[in-house]
file entry.cif (mmCIF, C-alpha atoms and all ligand atoms)
data_entry
loop_
_atom_site.label_atom_id
_atom_site.label_comp_id
_atom_site.auth_asym_id
_atom_site.auth_seq_id
_atom_site.Cartn_x
_atom_site.Cartn_y
_atom_site.Cartn_z
CA MET F 20 -4.42 -15.35 2.45
CA ASN F 21 -1.25 -13.90 1.00
CA GLN F 22 0.11 -10.48 1.96
CA ASN F 23 -1.68 -8.74 -0.88
CA GLU F 24 -5.01 -10.21 0.16
CA LEU F 25 -4.41 -9.03 3.73
CA LYS F 26 -3.68 -5.53 2.40
CA LYS F 27 -6.91 -5.61 0.42
CA ARG F 28 -8.92 -6.81 3.41
CA VAL F 29 -7.64 -4.03 5.67
CA GLY F 30 -7.93 -1.41 2.93
CA ILE F 31 -11.59 -2.22 2.43
CA ALA F 32 -12.22 -2.32 6.20
CA ALA F 33 -10.87 1.22 6.58
CA THR F 34 -13.62 2.65 4.37
CA ASP F 35 -16.10 1.94 7.18
CA TYR F 36 -14.57 4.90 9.03
CA ILE F 37 -15.46 7.32 6.26
CA GLN F 38 -18.67 9.28 6.69
CA ASN F 39 -20.62 11.50 4.35
CA GLY F 40 -19.28 15.05 4.18
CA MET F 41 -15.78 14.25 5.42
CA ILE F 42 -12.55 15.69 4.10
CA VAL F 43 -10.38 12.59 3.85
CA GLY F 44 -6.60 12.37 3.59
CA LEU F 45 -5.58 9.69 1.11
CA GLY F 46 -2.23 8.08 1.95
CA THR F 47 0.14 6.29 -0.39
CA GLY F 48 1.22 2.73 -1.06
CA SER F 49 -0.03 -0.71 -2.01
CA THR F 50 -2.31 -1.04 1.04
CA VAL F 51 -3.86 2.39 0.62
CA TYR F 52 -4.41 1.50 -3.04
CA TYR F 53 -7.18 -0.89 -1.96
CA PHE F 54 -8.65 1.68 0.41
CA VAL F 55 -8.85 4.27 -2.38
CA GLU F 56 -10.27 1.68 -4.76
CA GLU F 57 -13.09 0.85 -2.34
CA LEU F 58 -13.65 4.51 -1.53
CA GLY F 59 -14.01 5.18 -5.24
CA LYS F 60 -16.77 2.56 -5.43
CA ARG F 61 -18.58 4.17 -2.51
CA VAL F 62 -18.29 7.62 -4.09
CA GLN F 63 -19.75 6.21 -7.31
CA ASN F 64 -22.62 4.90 -5.16
CA GLY F 65 -23.36 8.32 -3.67
CA LEU F 66 -20.91 8.87 -0.81
CA SER F 67 -19.97 12.55 -0.73
CA ILE F 68 -16.41 13.27 0.42
CA ILE F 69 -13.44 15.37 -0.61
CA GLY F 70 -10.03 13.75 -0.79
CA VAL F 71 -6.65 15.32 -0.09
CA THR F 72 -3.87 13.23 -1.60
CA THR F 73 -0.32 12.57 -0.40
CA SER F 74 1.34 11.66 -3.71
CA LEU F 75 1.00 11.91 -7.45
CA ALA F 76 0.31 8.16 -7.63
CA THR F 77 -2.66 8.41 -5.26
CA LYS F 78 -3.85 11.57 -7.00
CA GLN F 79 -3.92 9.78 -10.35
CA GLN F 80 -5.77 6.79 -8.90
CA ALA F 81 -8.34 8.98 -7.11
CA GLU F 82 -8.94 11.08 -10.23
CA GLN F 83 -9.53 7.98 -12.33
CA LEU F 84 -12.11 6.81 -9.80
CA GLY F 85 -13.91 10.15 -9.80
CA ILE F 86 -13.12 11.03 -6.18
CA PRO F 87 -13.40 14.84 -5.79
CA LEU F 88 -10.06 16.26 -4.65
CA LYS F 89 -8.73 19.44 -3.09
CA SER F 90 -5.22 20.58 -2.39
CA LEU F 91 -4.02 20.66 1.21
CA ASP F 92 -3.80 24.42 0.76
CA ASP F 93 -7.50 24.68 -0.09
CA VAL F 94 -8.88 23.03 3.05
CA ASN F 95 -8.91 24.33 6.62
CA SER F 96 -8.35 20.88 8.10
CA ILE F 97 -8.78 17.21 7.32
CA ASP F 98 -11.21 15.01 9.24
CA LEU F 99 -9.33 11.76 8.87
CA VAL F 100 -6.33 10.46 6.94
CA VAL F 101 -5.93 6.77 6.14
CA ASP F 102 -2.37 5.79 5.36
CA GLY F 103 -0.07 2.78 5.31
CA ALA F 104 3.14 2.19 7.25
CA ASP F 105 6.34 0.19 6.92
CA GLU F 106 6.75 -0.68 10.61
CA ILE F 107 4.66 -0.05 13.71
CA ASP F 108 5.83 -0.68 17.28
CA PRO F 109 3.65 -1.46 20.34
CA GLN F 110 3.40 2.28 21.21
CA LEU F 111 2.01 2.87 17.67
CA ASN F 112 5.08 4.79 16.58
CA GLY F 113 6.02 4.01 13.01
CA ILE F 114 8.39 4.18 10.10
CA LYS F 115 6.91 5.43 6.86
CA GLY F 116 8.28 6.48 3.51
CA GLY F 117 9.00 3.16 1.86
CA GLY F 118 7.09 4.53 -1.10
CA GLY F 119 8.90 7.86 -0.91
CA ALA F 120 5.88 10.01 -0.05
CA LEU F 121 6.84 10.74 3.55
CA LEU F 122 6.89 14.54 3.31
CA PHE F 123 3.39 14.94 1.92
CA GLU F 124 2.17 12.13 4.17
CA LYS F 125 3.46 13.94 7.24
CA LEU F 126 2.08 17.28 6.05
CA VAL F 127 -1.39 15.79 5.58
CA ALA F 128 -1.25 13.83 8.86
CA THR F 129 -0.24 16.95 10.76
CA GLN F 130 -3.38 18.76 9.54
CA SER F 131 -5.71 15.81 10.22
CA LYS F 132 -7.98 15.49 13.22
CA GLU F 133 -7.50 11.73 13.12
CA VAL F 134 -4.91 9.42 11.60
CA ILE F 135 -5.60 5.75 10.87
CA TRP F 136 -2.84 3.44 9.68
CA ILE F 137 -3.70 0.31 7.76
CA VAL F 138 -1.19 -2.54 7.52
CA ASP F 139 -0.91 -6.27 7.10
CA GLU F 140 0.33 -8.11 10.15
CA SER F 141 3.95 -8.30 8.91
CA LYS F 142 4.35 -4.59 9.69
CA MET F 143 3.86 -4.96 13.45
CA VAL F 144 7.25 -5.12 15.21
CA ASP F 145 8.63 -5.02 18.75
CA CYS F 146 11.25 -2.41 17.91
CA LEU F 147 11.54 0.00 14.96
CA GLY F 148 14.55 -0.06 12.66
CA ALA F 149 14.74 -3.32 10.75
CA PHE F 150 13.05 -1.45 7.91
CA PRO F 151 15.49 1.15 6.52
CA LEU F 152 14.57 4.62 7.77
CA PRO F 153 13.95 7.02 4.85
CA VAL F 154 15.42 10.50 5.15
CA GLU F 155 14.36 12.98 2.47
CA VAL F 156 17.14 15.45 1.64
CA VAL F 157 17.60 18.31 -0.79
CA GLN F 158 19.69 17.34 -3.79
CA TYR F 159 22.26 20.10 -3.39
CA GLY F 160 24.93 18.99 -0.94
CA HIS F 161 23.42 15.58 -0.26
CA THR F 162 26.85 13.88 -0.45
CA HIS F 163 27.79 15.67 2.78
CA LEU F 164 24.78 14.22 4.53
CA LEU F 165 25.69 10.79 3.17
CA ARG F 166 29.17 11.19 4.65
CA TYR F 167 27.77 12.41 7.97
CA PHE F 168 25.47 9.38 8.24
CA GLU F 169 28.33 7.08 7.23
CA GLU F 170 30.53 8.47 9.99
CA LYS F 171 27.71 8.05 12.50
CA GLY F 172 27.48 4.35 11.57
CA TYR F 173 23.96 4.69 10.17
CA HIS F 174 24.75 2.73 6.98
CA PRO F 175 23.16 5.21 4.55
CA VAL F 176 22.15 4.19 1.04
CA LEU F 177 21.03 6.72 -1.57
CA ARG F 178 17.74 5.39 -2.90
CA MET F 179 17.80 4.34 -6.56
CA ARG F 180 15.05 3.34 -8.97
CA ASP F 181 15.63 1.89 -12.44
CA GLU F 182 19.37 2.58 -12.10
CA LYS F 183 18.74 6.29 -11.51
CA VAL F 184 18.65 8.21 -8.27
CA PHE F 185 15.08 8.17 -6.96
CA VAL F 186 13.48 11.63 -6.91
CA THR F 187 10.47 12.36 -4.71
CA ASP F 188 7.29 14.07 -5.91
CA ASP F 189 8.69 17.32 -4.58
CA GLY F 190 12.10 16.92 -6.23
CA ASN F 191 14.29 15.66 -3.40
CA PHE F 192 16.49 12.59 -2.86
CA ILE F 193 16.01 9.90 -0.23
CA ILE F 194 18.77 8.43 1.90
CA ASP F 195 17.74 5.16 3.57
CA LEU F 196 19.42 4.50 6.90
CA HIS F 197 19.99 0.80 7.54
CA LEU F 198 19.96 1.00 11.32
CA LYS F 199 18.66 -2.50 12.09
CA ARG F 200 17.29 -1.24 15.42
CA ILE F 201 16.28 2.17 16.75
CA ASP F 202 16.64 2.26 20.52
CA ASP F 203 15.89 5.95 21.02
CA ALA F 204 13.55 7.19 18.29
CA VAL F 205 12.93 10.55 20.01
CA GLN F 206 16.66 11.35 20.11
CA LEU F 207 17.12 10.23 16.49
CA GLN F 208 14.17 12.37 15.44
CA LYS F 209 15.78 15.39 17.09
CA GLU F 210 19.12 14.70 15.43
CA LEU F 211 17.51 14.43 11.99
CA ASN F 212 15.29 17.48 12.51
CA ASP F 213 18.38 19.54 13.34
CA LEU F 214 20.35 18.62 10.20
CA VAL F 215 20.49 21.27 7.49
CA GLY F 216 19.52 19.72 4.16
CA VAL F 217 17.14 17.17 5.70
CA VAL F 218 13.65 17.99 4.48
CA GLU F 219 11.81 15.28 6.45
CA HIS F 220 12.31 11.78 7.79
CA GLY F 221 10.21 8.67 8.08
CA LEU F 222 9.91 8.55 11.86
CA PHE F 223 6.24 9.12 12.61
CA LEU F 224 6.05 9.35 16.41
CA ASN F 225 2.78 9.92 18.29
CA GLN F 226 0.89 10.44 15.06
CA THR F 227 -1.84 7.84 15.32
CA ARG F 228 -3.99 6.25 17.99
CA ARG F 229 -5.74 3.76 15.75
CA VAL F 230 -4.21 1.03 13.60
CA LEU F 231 -6.08 -1.58 11.56
CA VAL F 232 -4.11 -4.79 11.08
CA GLY F 233 -5.05 -7.26 8.37
CA LYS F 234 -4.72 -10.76 9.79
CA GLN F 235 -5.53 -14.19 8.45
CA ASN F 236 -8.96 -14.44 10.04
CA THR F 237 -9.83 -10.89 10.93
CA VAL F 238 -8.99 -7.22 10.89
CA GLU F 239 -7.66 -6.30 14.32
CA VAL F 240 -8.31 -2.74 15.50
CA ILE F 241 -5.63 -1.48 17.88
CA GLU F 242 -6.67 1.67 19.73
CA HIS F 243 -4.65 3.70 22.19
CA VAL F 244 -6.82 6.19 24.04
C1 LIG V 1 4.80 5.62 1.39
C2 LIG V 1 4.47 5.00 2.68
C3 LIG V 1 3.61 3.79 2.65
O1 LIG V 1 2.46 4.04 3.36
C4 LIG V 1 4.38 2.65 3.25
O2 LIG V 1 5.58 2.49 2.53
C5 LIG V 1 3.58 1.35 3.22
O3 LIG V 1 3.38 0.97 1.89
P1 LIG V 1 2.69 -0.39 1.50
O4 LIG V 1 1.27 -0.30 1.92
O5 LIG V 1 2.87 -0.45 0.01
O6 LIG V 1 3.44 -1.51 2.18
O7 LIG V 1 4.85 5.43 3.74
O8 LIG V 1 5.66 6.69 1.54
#
call {"tool": "encode", "arguments": {"input": "entry.cif", "output": "structure tokens"}}
result
Amino acid sequence: MNQNELKKRVGIAATDYIQNGMIVGLGTGSTVYYFVEELGKRVQNGLSIIGVTTSLATKQQAEQLGIPLKSLDDVNSIDLVVDGADEIDPQLNGIKGGGGALLFEKLVATQSKEVIWIVDESKMVDCLGAFPLPVEVVQYGHTHLLRYFEEKGYHPVLRMRDEKVFVTDDGNFIIDLHLKRIDDAVQLQKELNDLVGVVEHGLFLNQTRRVLVGKQNTVEVIEHV
């Protein structure tokens, strides 16, 4: 199986956690795409759920499939969110935001009773940081944050797409920090949270207790209770 097939396998497997009547957070990315696709089929076959999306891309996909949606502001809480991740360590801390949806993903996760991450096996790592850490920043004054990160030795790169600066769904820029290795994620989280102009960052610590990993012969369920 190639990576895409593993993503599909785990995306489909995640729909088994969805029960009738649930309010379901719909993450973002190429793995979640398959989850939403399968969920759409189940909705067409009678499953009754309400989705809360984390990006315009997922919203468009869910609408096309006929999945009923509500805004995060129109629900009291979410039963379960299924989302992807860019890296996950053995404590089930992760880096997210490769697709640029980190702010809405964290907002939805924070209001969810349960968070499930779905990944192919390449995302499981011993230590976070090989994947560049996304930091979402307001546009105004972002060059000062770039300079700050440069001086700290964090190797910042302003994210581009199609030769233009990438803009998130909520109108911000993303600075990717090429750290190679994050030895103290809690300290880094605090540093980033304290910076004026940083809207959110891709460190998702203590957010999930259940991860589904698409492997060659199976879907492994990792649970931390
Ligand atoms: C988007 C995300 C994605 O969940 C993450 O980038 C994983 O994406 P993919 O499933 O395409 O590898 O955090 O902001």
call {"tool": "residues_around", "arguments": {"input": "entry.cif", "residues": "Asp102 in chain F", "least_positions_apart": "5", "cutoff": "7 Å", "atoms": "all atoms listed in the file", "output": "list in words"}}
result
Leu45, Gly46, Thr47, Val51, Ile135, Trp136 and Ile137 of chain F
call {"tool": "atom_distance", "arguments": {"input": "entry.cif", "atom1": "CA of Asp195 in chain F", "atom2": "CA of Arg166 in chain F"}}
result
13.0 Å
call {"tool": "residues_near_ligand", "arguments": {"input": "entry.cif", "ligand": "ligand LIG 1 (chain V)", "cutoff": "7 Å", "atoms": "all atoms listed in the file", "output": "PyMOL selection string"}}
result
chain F and resi 46-51+102-105+115-121+124+138
call {"tool": "residues_around", "arguments": {"input": "entry.cif", "residues": "Ile31 in chain F", "least_positions_apart": "4", "cutoff": "8 Å", "atoms": "all atoms listed in the file", "output": "JSON list (two decimals) with C-alpha atoms, in the coordinates of the input"}}
result
[["chain", "number", "residue", "atom", "x", "y", "z"],
["F", 27, "LYS", "CA", -6.91, -5.61, 0.42],
["F", 35, "ASP", "CA", -16.10, 1.94, 7.18],
["F", 53, "TYR", "CA", -7.18, -0.89, -1.96],
["F", 54, "PHE", "CA", -8.65, 1.68, 0.41],
["F", 57, "GLU", "CA", -13.09, 0.85, -2.34]]
call {"tool": "residues_around", "arguments": {"input": "entry.cif", "residues": "Glu242 in chain F", "least_positions_apart": "6", "cutoff": "7 Å", "atoms": "all atoms listed in the file", "output": "list of chain:residue names"}}
result
F:Arg228, F:Arg229, F:Val230
call {"tool": "closest_residue", "arguments": {"input": "entry.cif", "among": "F:Gly30, F:Gly113, F:Pro151, F:Gly40", "to": "Glu56 in chain F", "atoms": "all atoms listed in the file"}}
result
F:Gly30
call {"tool": "closest_residue", "arguments": {"input": "entry.cif", "among": "F:Val176, F:Leu75, F:Leu196, F:Leu147", "to": "Phe223 in chain F", "atoms": "all atoms listed in the file"}}
result
F:Leu147
call {"tool": "atom_distance", "arguments": {"input": "entry.cif", "atom1": "CA of Tyr173 in chain F", "atom2": "CA of Val218 in chain F"}}
result
17.8 Å
call {"tool": "residues_near_point", "arguments": {"input": "entry.cif", "point": "(-5.1, -5.4, 8.4)", "cutoff": "6 Å", "atoms": "only C-alpha atoms", "output": "PDB file with C-alpha atoms, in the coordinates of the input"}}
result
ATOM      1  CA  LEU F  25      -4.410  -9.030   3.730  1.00  0.00           C
ATOM      2  CA  VAL F  29      -7.640  -4.030   5.670  1.00  0.00           C
ATOM      3  CA  ILE F 137      -3.700   0.310   7.760  1.00  0.00           C
ATOM      4  CA  VAL F 138      -1.190  -2.540   7.520  1.00  0.00           C
ATOM      5  CA  ASP F 139      -0.910  -6.270   7.100  1.00  0.00           C
ATOM      6  CA  LEU F 231      -6.080  -1.580  11.560  1.00  0.00           C
ATOM      7  CA  VAL F 232      -4.110  -4.790  11.080  1.00  0.00           C
ATOM      8  CA  GLY F 233      -5.050  -7.260   8.370  1.00  0.00           C
ATOM      9  CA  LYS F 234      -4.720 -10.760   9.790  1.00  0.00           C
ATOM     10  CA  VAL F 238      -8.990  -7.220  10.890  1.00  0.00           C
TER      11      VAL F 238
END
call {"tool": "atom_distance", "arguments": {"input": "entry.cif", "atom1": "CA of Gln38 in chain F", "atom2": "CA of Asn23 in chain F"}}
result
25.9 Å
call {"tool": "residues_around", "arguments": {"input": "entry.cif", "residues": "range 179-182 of chain F", "least_positions_apart": "5", "cutoff": "10 Å", "atoms": "only C-alpha atoms", "output": "list in words"}}
result
Phe192, Ile193 and Ile194 of chain F
call {"tool": "closest_residue", "arguments": {"input": "entry.cif", "among": "F:Glu140, F:Leu152, F:Ala128, F:Thr227", "to": "Met20 in chain F", "atoms": "only C-alpha atoms"}}
result
F:Glu140
call {"tool": "closest_residue", "arguments": {"input": "entry.cif", "among": "F:Asp98, F:Asp108, F:Asp92, F:Glu155", "to": "Val134 in chain F", "atoms": "only C-alpha atoms"}}
result
F:Asp98
call {"tool": "residues_around", "arguments": {"input": "entry.cif", "residues": "Lys132 in chain F", "least_positions_apart": "2", "cutoff": "12 Å", "atoms": "all atoms listed in the file", "output": "PyMOL selection string"}}
result
chain F and resi 41-44+95-101+127-130+134-135+226-228
